[in-house]
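Source file: protein.pdb; contents: PDB, C-alpha atoms.
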ATOM      1  CA  MET A   1      26.675   2.718   1.191
ATOM      2  CA  ARG A   2      28.251   5.967   2.399
ATOM      3  CA  GLY A   3      31.708   4.614   1.648
ATOM      4  CA  ARG A   4      30.790   3.337  -1.806
ATOM      5  CA  ILE A   5      28.959   6.295  -3.314
ATOM      6  CA  SER A   6      30.586   9.589  -4.184
ATOM      7  CA  GLY A   7      28.762  12.869  -4.549
ATOM      8  CA  TYR A   8      25.899  12.101  -2.182
ATOM      9  CA  ASN A   9      25.088  12.742   1.455
ATOM     10  CA  ILE A  10      22.976   9.871   2.761
ATOM     11  CA  VAL A  11      20.202  10.641   5.249
ATOM     12  CA  ASN A  12      18.662   7.742   7.162
ATOM     13  CA  ALA A  13      15.093   8.917   7.745
ATOM     14  CA  GLY A  14      13.716   5.583   8.945
ATOM     15  CA  VAL A  15      11.534   5.704  12.067
ATOM     16  CA  SER A  16      10.762   2.612  14.131
ATOM     17  CA  GLY A  17       7.120   1.599  13.783
ATOM     18  CA  TYR A  18       6.319   3.832  10.802
ATOM     19  CA  GLY A  19       4.405   2.420   7.873
ATOM     20  CA  THR A  20       4.385   3.833   4.347
ATOM     21  CA  ASP A  21       1.681   6.334   5.294
ATOM     22  CA  GLN A  22       3.715   7.991   8.051
ATOM     23  CA  GLU A  23       6.861   7.778   5.919
ATOM     24  CA  TYR A  24       5.065   9.776   3.225
ATOM     25  CA  LEU A  25       4.054  12.455   5.730
ATOM     26  CA  LEU A  26       7.583  12.564   7.168
ATOM     27  CA  LEU A  27       9.043  12.892   3.673
ATOM     28  CA  GLN A  28       6.982  16.026   3.077
ATOM     29  CA  ARG A  29       8.156  17.505   6.384
ATOM     30  CA  LEU A  30      11.826  16.772   5.726
ATOM     31  CA  TRP A  31      11.927  17.804   2.093
ATOM     32  CA  PRO A  32      12.591  21.547   2.499
ATOM     33  CA  ASP A  33      15.541  20.809   4.791
ATOM     34  CA  ILE A  34      17.329  18.157   2.724
ATOM     35  CA  GLU A  35      15.915  18.416  -0.845
ATOM     36  CA  PRO A  36      17.005  14.887  -1.845
ATOM     37  CA  LYS A  37      17.886  13.915  -5.396
ATOM     38  CA  VAL A  38      17.048  10.255  -4.792
ATOM     39  CA  VAL A  39      14.519   8.807  -2.338
ATOM     40  CA  VAL A  40      14.838   5.156  -1.339
ATOM     41  CA  LEU A  41      11.676   3.584   0.060
ATOM     42  CA  VAL A  42      12.129   0.213   1.754
ATOM     43  CA  PHE A  43       8.793  -1.588   1.937
ATOM     44  CA  CYS A  44       8.626  -4.001   4.867
ATOM     45  CA  THR A  45       6.410  -6.771   3.513
ATOM     46  CA  GLU A  46       6.101  -8.285   6.968
ATOM     47  CA  ASN A  47       4.165  -5.402   8.519
ATOM     48  CA  ASP A  48       3.744  -2.322   6.278
ATOM     49  CA  HIS A  49       0.463  -3.606   4.827
ATOM     50  CA  PHE A  50      -0.939  -3.787   8.365
ATOM     51  CA  ASP A  51       0.600  -0.448   9.373
ATOM     52  CA  ASN A  52      -1.050   1.279   6.416
ATOM     53  CA  SER A  53      -4.487  -0.214   7.074
ATOM     54  CA  THR A  54      -5.294   1.060  10.560
ATOM     55  CA  SER A  55      -5.343   4.087  12.857
ATOM     56  CA  VAL A  56      -3.893   2.262  15.874
ATOM     57  CA  ARG A  57      -0.718   0.190  15.895
ATOM     58  CA  TYR A  58       1.967  -1.222  18.192
ATOM     59  CA  GLU A  59       0.905  -1.124  21.833
ATOM     60  CA  SER A  60      -2.135   1.045  20.986
ATOM     61  CA  TYR A  61      -0.299   4.039  19.556
ATOM     62  CA  GLN A  62      -2.655   6.312  17.610
ATOM     63  CA  LYS A  63      -1.497   7.297  14.120
ATOM     64  CA  PRO A  64      -2.705   9.092  10.998
ATOM     65  CA  TYR A  65      -4.062   6.935   8.175
ATOM     66  CA  PHE A  66      -5.240   7.200   4.584
ATOM     67  CA  ALA A  67      -8.737   6.120   3.587
ATOM     68  CA  THR A  68      -9.742   5.520  -0.026
ATOM     69  CA  ALA A  69     -12.487   7.844  -1.320
ATOM     70  CA  ALA A  70     -15.185   6.776  -3.755
ATOM     71  CA  ASP A  71     -13.165   8.151  -6.691
ATOM     72  CA  GLY A  72     -10.110   6.135  -5.640
ATOM     73  CA  THR A  73      -8.118   9.042  -4.229
ATOM     74  CA  LEU A  74      -6.484   8.814  -0.810
ATOM     75  CA  VAL A  75      -7.778  11.016   1.991
ATOM     76  CA  LEU A  76      -5.694  11.706   5.090
ATOM     77  CA  ASN A  77      -7.576  11.071   8.339
ATOM     78  CA  GLY A  78      -6.700  11.020  12.027
ATOM     79  CA  GLN A  79      -5.355  14.575  12.070
ATOM     80  CA  PRO A  80      -4.536  15.900  14.545
ATOM     81  CA  VAL A  81      -3.530  12.508  15.914
ATOM     82  CA  PRO A  82      -5.433  11.742  19.158
ATOM     83  CA  LYS A  83      -3.400  11.275  22.310
ATOM     84  CA  SER A  84      -2.291   7.689  22.775
ATOM     85  CA  ARG A  85      -2.454   5.872  26.101
ATOM     86  CA  GLN A  86       1.267   6.342  26.600
ATOM     87  CA  VAL A  87       0.981  10.125  26.289
ATOM     88  CA  TYR A  88      -1.529  10.274  29.129
ATOM     89  CA  VAL A  89       0.800   8.158  31.253
ATOM     90  CA  LYS A  90       3.784  10.395  30.498
ATOM     91  CA  GLU A  91       1.949  13.676  31.073
ATOM     92  CA  ASN A  92      -0.149  12.835  34.126
ATOM     93  CA  TRP A  93       1.344  11.866  37.494
ATOM     94  CA  LEU A  94      -1.878  10.192  38.694
ATOM     95  CA  VAL A  95      -2.214   8.050  35.583
ATOM     96  CA  ARG A  96       1.438   7.120  35.854
ATOM     97  CA  HIS A  97       1.169   5.956  39.469
ATOM     98  CA  SER A  98      -2.400   4.687  39.810
ATOM     99  CA  LEU A  99      -3.508   1.439  38.195
ATOM    100  CA  LEU A 100      -7.154   2.454  38.569
ATOM    101  CA  ALA A 101      -6.564   5.814  36.860
ATOM    102  CA  ARG A 102      -4.683   4.043  34.082
ATOM    103  CA  VAL A 103      -7.548   1.613  33.481
ATOM    104  CA  VAL A 104      -9.998   4.510  33.320
ATOM    105  CA  VAL A 105      -7.838   6.426  30.827
ATOM    106  CA  TYR A 106      -7.216   3.348  28.672
ATOM    107  CA  ASN A 107     -10.934   2.624  28.456
ATOM    108  CA  PHE A 108     -11.633   6.283  27.692
ATOM    109  CA  VAL A 109      -9.148   6.329  24.817
ATOM    110  CA  ASP A 110     -10.484   3.070  23.381
ATOM    111  CA  LEU A 111     -14.069   4.363  23.609
ATOM    112  CA  VAL A 112     -13.517   7.858  22.198
ATOM    113  CA  HIS A 113     -10.841   6.962  19.646
ATOM    114  CA  PRO A 114     -11.381   3.332  18.632
ATOM    115  CA  ALA A 115      -9.165   1.752  16.010
ATOM    116  CA  VAL A 116     -10.296   2.421  12.451
ATOM    117  CA  ASP A 117      -9.418  -0.173   9.830
ATOM    118  CA  VAL A 118      -9.365   0.730   6.141
ATOM    119  CA  PRO A 119      -8.690  -1.150   2.889
ATOM    120  CA  ASP A 120      -4.949  -1.509   2.375
ATOM    121  CA  PRO A 121      -3.768   1.635   0.526
ATOM    122  CA  SER A 122      -0.136   0.527   0.195
ATOM    123  CA  ASP A 123       0.040   0.447  -3.610
ATOM    124  CA  ARG A 124      -1.542   3.893  -3.924
ATOM    125  CA  LEU A 125       0.722   5.262  -1.205
ATOM    126  CA  VAL A 126       3.816   4.184  -3.108
ATOM    127  CA  SER A 127       2.477   5.910  -6.226
ATOM    128  CA  LYS A 128       1.655   8.998  -4.176
ATOM    129  CA  ILE A 129       5.233   9.107  -2.888
ATOM    130  CA  ARG A 130       6.541   8.687  -6.444
ATOM    131  CA  ASP A 131       4.343  11.555  -7.674
ATOM    132  CA  PHE A 132       5.533  13.819  -4.855
ATOM    133  CA  VAL A 133       9.193  12.948  -5.392
ATOM    134  CA  GLU A 134       9.107  13.402  -9.157
ATOM    135  CA  ALA A 135       7.153  16.664  -8.842
ATOM    136  CA  HIS A 136      10.167  17.965  -6.931
ATOM    137  CA  GLY A 137      12.646  16.855  -9.585
ATOM    138  CA  ALA A 138      13.935  13.777  -7.773
ATOM    139  CA  LYS A 139      13.810  10.017  -8.329
ATOM    140  CA  LEU A 140      12.147   7.259  -6.269
ATOM    141  CA  ILE A 141      13.433   3.706  -6.043
ATOM    142  CA  VAL A 142      11.918   0.951  -3.931
ATOM    143  CA  GLY A 143      13.351  -2.004  -2.040
ATOM    144  CA  VAL A 144      10.959  -4.845  -1.177
ATOM    145  CA  GLN A 145      11.835  -6.794   1.986
ATOM    146  CA  THR A 146      10.432 -10.155   0.863
ATOM    147  CA  ARG A 147       8.357 -11.447  -2.021
ATOM    148  CA  ASP A 148       5.170  -9.414  -2.514
ATOM    149  CA  ASP A 149       3.576 -10.284  -5.859
ATOM    150  CA  LYS A 150       0.821  -7.665  -5.701
ATOM    151  CA  LEU A 151       3.175  -4.818  -4.861
ATOM    152  CA  VAL A 152       5.720  -5.944  -7.455
ATOM    153  CA  ALA A 153       3.015  -6.050 -10.137
ATOM    154  CA  HIS A 154       2.044  -2.505  -9.170
ATOM    155  CA  LEU A 155       5.644  -1.280  -9.279
ATOM    156  CA  GLN A 156       6.112  -2.846 -12.702
ATOM    157  CA  ALA A 157       2.883  -1.307 -14.024
ATOM    158  CA  GLU A 158       3.883   2.106 -12.661
ATOM    159  CA  ARG A 159       7.467   1.710 -13.937
ATOM    160  CA  ILE A 160       8.916   2.395 -10.504
ATOM    161  CA  PRO A 161      12.445   0.956 -10.206
ATOM    162  CA  PHE A 162      12.655  -1.685  -7.480
ATOM    163  CA  VAL A 163      14.727  -4.531  -6.133
ATOM    164  CA  GLY A 164      13.841  -7.456  -3.871
ATOM    165  CA  PHE A 165      15.758  -8.354  -0.732
ATOM    166  CA  ASP A 166      14.674 -11.974  -0.527
ATOM    167  CA  GLY A 167      17.313 -14.166   1.081
ATOM    168  CA  ALA A 168      18.848 -11.429   3.214
ATOM    169  CA  GLU A 169      19.892 -13.015   6.494
ATOM    170  CA  ALA A 170      17.655 -11.949   9.398
ATOM    171  CA  TYR A 171      17.440 -12.554  13.122
ATOM    172  CA  PRO A 172      14.827 -15.128  14.219
ATOM    173  CA  GLY A 173      12.049 -14.223  16.607
ATOM    174  CA  PRO A 174       8.557 -12.744  16.799
ATOM    175  CA  SER A 175       9.644  -9.081  16.922
ATOM    176  CA  GLY A 176      10.279  -8.795  13.202
ATOM    177  CA  ALA A 177      12.771 -10.109  10.683
ATOM    178  CA  HIS A 178      15.500  -7.530  11.272
ATOM    179  CA  TRP A 179      18.550  -8.039   9.087
ATOM    180  CA  THR A 180      21.829  -9.255  10.549
ATOM    181  CA  PRO A 181      25.092  -7.509   9.534
ATOM    182  CA  ASN A 182      25.424 -10.041   6.709
ATOM    183  CA  GLY A 183      21.845  -9.325   5.686
ATOM    184  CA  GLN A 184      22.525  -5.599   5.719
ATOM    185  CA  ARG A 185      25.506  -6.095   3.426
ATOM    186  CA  MET A 186      23.392  -8.076   0.956
ATOM    187  CA  VAL A 187      20.704  -5.402   1.019
ATOM    188  CA  ALA A 188      23.304  -2.673   0.451
ATOM    189  CA  ASP A 189      24.791  -4.579  -2.496
ATOM    190  CA  ARG A 190      21.412  -5.041  -4.169
ATOM    191  CA  LEU A 191      20.418  -1.469  -3.493
ATOM    192  CA  PHE A 192      23.677  -0.182  -4.931
ATOM    193  CA  GLY A 193      23.065  -2.345  -7.999
ATOM    194  CA  LEU A 194      19.620  -0.771  -8.490
ATOM    195  CA  LEU A 195      21.053   2.731  -8.124
ATOM    196  CA  SER A 196      23.795   1.927 -10.641
ATOM    197  CA  GLU A 197      21.373   0.402 -13.154
ATOM    198  CA  ASN A 198      19.330   3.594 -13.086
ATOM    199  CA  GLY A 199      22.321   5.894 -13.425
ATOM    200  CA  LEU A 200      21.889   7.246  -9.896
ATOM    201  CA  ALA A 201      25.184   6.160  -8.343
ATOM    202  CA  ARG A 202      28.738   5.333  -9.289
ATOM    203  CA  GLU A 203      31.165   3.508  -7.061
ATOM    204  CA  THR A 204      34.254   5.431  -6.038
ATOM    205  CA  LYS A 205      37.563   3.977  -7.193
ATOM    206  CA  ALA A 206      38.881   3.708  -3.640
ATOM    207  CA  SER A 207      36.075   1.390  -2.571
ATOM    208  CA  ARG A 208      36.356  -1.095  -5.419
TER
END
As a first step, turn the structure in this file into structure tokens.
Amino acid sequence: MRGRISGYNIVNAGVSGYGTDQEYLLLQRLWPDIEPKVVVLVFCTENDHFDNSTSVRYESYQKPYFATAADGTLVLNGQPVPKSRQVYVKENWLVRHSLLARVVVYNFVDLVHPAVDVPDPSDRLVSKIRDFVEAHGAKLIVGVQTRDDKLVAHLQAERIPFVGFDGAEAYPGPSGAHWTPNGQRMVADRLFGLLSENGLARETKASR
């Protein structure tokens, strides 16, 4: 993408393990430093719904989460984020070297900060990101990893530009359908097409 688009600096702000909720919080933190004109949100159908619906994810890491209030608004919870098991291990020599101490700490964390599951706020989170982006004079576009009828219906209703990445070649295995180099190229082509359709990018002559 960097070689195909003129006039833009591209910032890869993806973080391993982040769902849409943490991406939204990160976007707010990064905004003053980069002030993007276009924000590209890639929704990972395989796991973002789960990521957005809980306070604990991936090897018991604690995380912030958004609960839905009675009036339908999203409320940020889990702030400040409680220490995860791994933080205690990193910071404490005894916990790091004693199995007994580790068991005690793990049980303590699970007891004091149990996982909280909430109704999936993914659709509202995407709209919340769109509202934030547009309020700052920029444009949001969305890429959808694989078919997600509910999310697509929401994007269409909200008139948020999107493109699907179905068919992109991915590595097999239980750790997630990460795209191969060929898959990445397909994703880049479709993403560039969406940017072009919305007047957000133009291919440089040298790259044609």
Go ahead and fit an axis-aligned box to every listed atom of segment 28-36 of chain A plus 4 Å each side, and pass me the centre and edge lengths in Å, one decimal, as AutoDock Vina command-line options.
--center_x 12.2 --center_y 18.2 --center_z 2.3 --size_x 18.3 --size_y 14.7 --size_z 16.2
Given the file shown, enumerate the residues that the PyMOL selection byres ((chain A and resi 10) around 12) captures and present them as a PyMOL selection string. chain A and resi 1-9+11-14+34-40+201
Contacts of segment 143-146 of chain A at 8 Å or less, counting all atoms listed in the file, minus same-chain residues fewer than 3 places along, as a ChimeraX atom specification? /A:40-46,162-167,191
What do you get, as a list in words, if you spell out every residue that the PyMOL selection byres ((chain A and resi 119) around 8) selects here?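 Applied to this file, the PyMOL selection byres ((chain A and resi 119) around 8) returns Ser53, Ala67, Thr68, Asp117, Val118, Asp120 and Pro121 of chain A.
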If we count only C-alpha atoms and set the cut-off at 6 Å, which residues sit around Asn77 of chain A, ignoring sequence neighbours fewer than 4 positions away in its own chain? Please answer as number ranges by chain. A: 64-66
Measuring between all atoms listed in the file, which one of A:Leu111, A:Ala69, A:Leu100, A:Val126 shows the shortest distance to Glu158 of chain A?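 Smallest separation from Glu158 of chain A among the options: A:Val126.
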Take the PyMOL selection byres ((chain A and resi 21) around 9), run it mentally on this structure, and tell me the resulting residues as a list in words. Tyr18, Gly19, Thr20, Gln22, Glu23, Tyr24, Leu25, Leu26, Asp48, Asp51, Asn52, Pro64, Tyr65, Phe66, Pro121, Ser122, Leu125 and Val126 of chain A
Just give me the gap between atom CA of Tyr171 of chain A and atom CA of Gly183 of chain A in Å, one decimal is fine.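 Between these atoms lies a distance of 9.2 Å.
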Between atom CA of Val56 of chain A and atom CA of Arg130 of chain A, what is the distance in Å, rounded to a tenth? 25.5 Å
